[in-house]
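**Student:** Handing you a structure now.
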Amino acid sequence: MTTDADCLFCKIVAGDVTADLVHVTERTVAFRDLNPQAPTHVLVVPRAHHANAAELAAGDPVACAELVSTAAAVAVAEGYGGDYRLVFNTGGGAGQTVFHTHLHLLAGRPMTWPPG
Ligand code: 5GP
Ligand code: ZN
């Protein structure tokens, strides 16, 4: 499995950095965002290091699909199975700050469109 010793989310997956884990699967780990933007704000990451969603989709499409199914399961578990938002920021100009693929699950408040 690919890992990056300098990557924050690889460290969370390995248990070397503490996070509030909410769901784990064979290929994914889900944990609460440190700076939540909604009552439920969970990040779902693949265990393996990939820089962004497109690289994950190309390299491991099964894990990419599992990010979405994991996020949906967490949304249901938190009581928001019918209304939630999933976001992949890709590139610094789009707001990506951690370059290990992560799917944002946001739920529990009204969502506006377009996003900022
Ligand atoms: P991005 O901006 O790359 O799409 O999302 C990165 C997310 O990681 C941000 O929402 C930020 O709050 C979150 N984050 C940054 N550092 C940590 C950390 O150490 N622990 C957790 N749980 N979340 C973090
Ligand atoms: Zn990583």
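In the structure tokens, the first chain shown is A, the next is B, and so on; residue numbers restart at 1 for each chain, and ligands run from 1 in the order shown.
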Out of chain A, which residues get helix (DSSP H, G or I) from DSSP, as a ChimeraX atom specification?

**Tutor:** /A:8-14,53-59,61-77,92-94

**Student:** Residues of the last selection are to be written out with C-alpha atoms, as a PDB file, in the first residue's frame.

**Tutor:**
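The result, stored in result36.pdb:
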```
ATOM      1  CA  LEU A   8      -1.115  14.124   7.783  1.00  0.00           C
ATOM      2  CA  PHE A   9      -3.910  11.794   6.665  1.00  0.00           C
ATOM      3  CA  CYS A  10      -1.508   8.852   6.216  1.00  0.00           C
ATOM      4  CA  LYS A  11      -0.511   9.486   9.851  1.00  0.00           C
ATOM      5  CA  ILE A  12      -4.185   9.460  10.921  1.00  0.00           C
ATOM      6  CA  VAL A  13      -4.777   6.202   9.004  1.00  0.00           C
ATOM      7  CA  ALA A  14      -1.726   4.673  10.714  1.00  0.00           C
ATOM      8  CA  ALA A  53      -9.970  12.057  -6.194  1.00  0.00           C
ATOM      9  CA  ALA A  54      -9.042  11.641  -9.864  1.00  0.00           C
ATOM     10  CA  GLU A  55      -5.785   9.880  -8.992  1.00  0.00           C
ATOM     11  CA  LEU A  56      -7.676   7.566  -6.639  1.00  0.00           C
ATOM     12  CA  ALA A  57     -10.315   6.845  -9.289  1.00  0.00           C
ATOM     13  CA  ALA A  58      -7.598   5.967 -11.806  1.00  0.00           C
ATOM     14  CA  GLY A  59      -5.481   3.954  -9.370  1.00  0.00           C
ATOM     15  CA  PRO A  61     -11.683   2.611  -8.459  1.00  0.00           C
ATOM     16  CA  VAL A  62     -12.989   0.174  -5.844  1.00  0.00           C
ATOM     17  CA  ALA A  63     -11.600   2.335  -3.026  1.00  0.00           C
ATOM     18  CA  CYS A  64     -13.011   5.423  -4.753  1.00  0.00           C
ATOM     19  CA  ALA A  65     -16.486   3.895  -4.762  1.00  0.00           C
ATOM     20  CA  GLU A  66     -16.027   2.830  -1.149  1.00  0.00           C
ATOM     21  CA  LEU A  67     -15.432   6.469  -0.148  1.00  0.00           C
ATOM     22  CA  VAL A  68     -18.929   7.293  -1.394  1.00  0.00           C
ATOM     23  CA  SER A  69     -20.633   4.261   0.150  1.00  0.00           C
ATOM     24  CA  THR A  70     -18.844   4.908   3.456  1.00  0.00           C
ATOM     25  CA  ALA A  71     -19.941   8.556   3.442  1.00  0.00           C
ATOM     26  CA  ALA A  72     -23.528   7.477   2.770  1.00  0.00           C
ATOM     27  CA  ALA A  73     -23.400   4.988   5.647  1.00  0.00           C
ATOM     28  CA  VAL A  74     -22.069   7.675   8.004  1.00  0.00           C
ATOM     29  CA  ALA A  75     -24.800  10.102   6.871  1.00  0.00           C
ATOM     30  CA  VAL A  76     -27.451   7.485   7.690  1.00  0.00           C
ATOM     31  CA  ALA A  77     -25.824   6.693  11.044  1.00  0.00           C
ATOM     32  CA  GLY A  92      -5.149  24.624  -4.029  1.00  0.00           C
ATOM     33  CA  GLY A  93      -7.248  27.001  -6.110  1.00  0.00           C
ATOM     34  CA  ALA A  94     -10.325  24.921  -5.281  1.00  0.00           C
TER      35      ALA A  94
END
```

**Student:** Mind listing the residues within 12 Å of ligand 1, only C-alpha atoms and all ligand atoms counted, as a VMD selection string?

**Tutor:** chain A and resid 7 to 13 15 to 22 29 to 38 40 to 45 51 to 53 86 to 106

**Student:** Which one of A:Val24, A:Gly116, A:Ala107, A:His50 sits closest to ligand 2 if you count only C-alpha atoms and all ligand atoms?

**Tutor:**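 Of all the options, A:His50 lies closest to ligand 2.
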
**Student:** Using DSSP on the backbone coordinates, identify all residues within chain A classified as strand (DSSP E); present the result as a ChimeraX atom specification.

**Tutor:** /A:21-24,28-32,40-46,85-87,103-107

**Student:** Between A:Pro110, A:Pro39, A:Gly81, A:Pro46, which one has atoms that come closest to ligand 2, using only C-alpha atoms and all ligand atoms?

**Tutor:**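 The shortest atom-to-atom distance to ligand 2 comes from A:Pro46.
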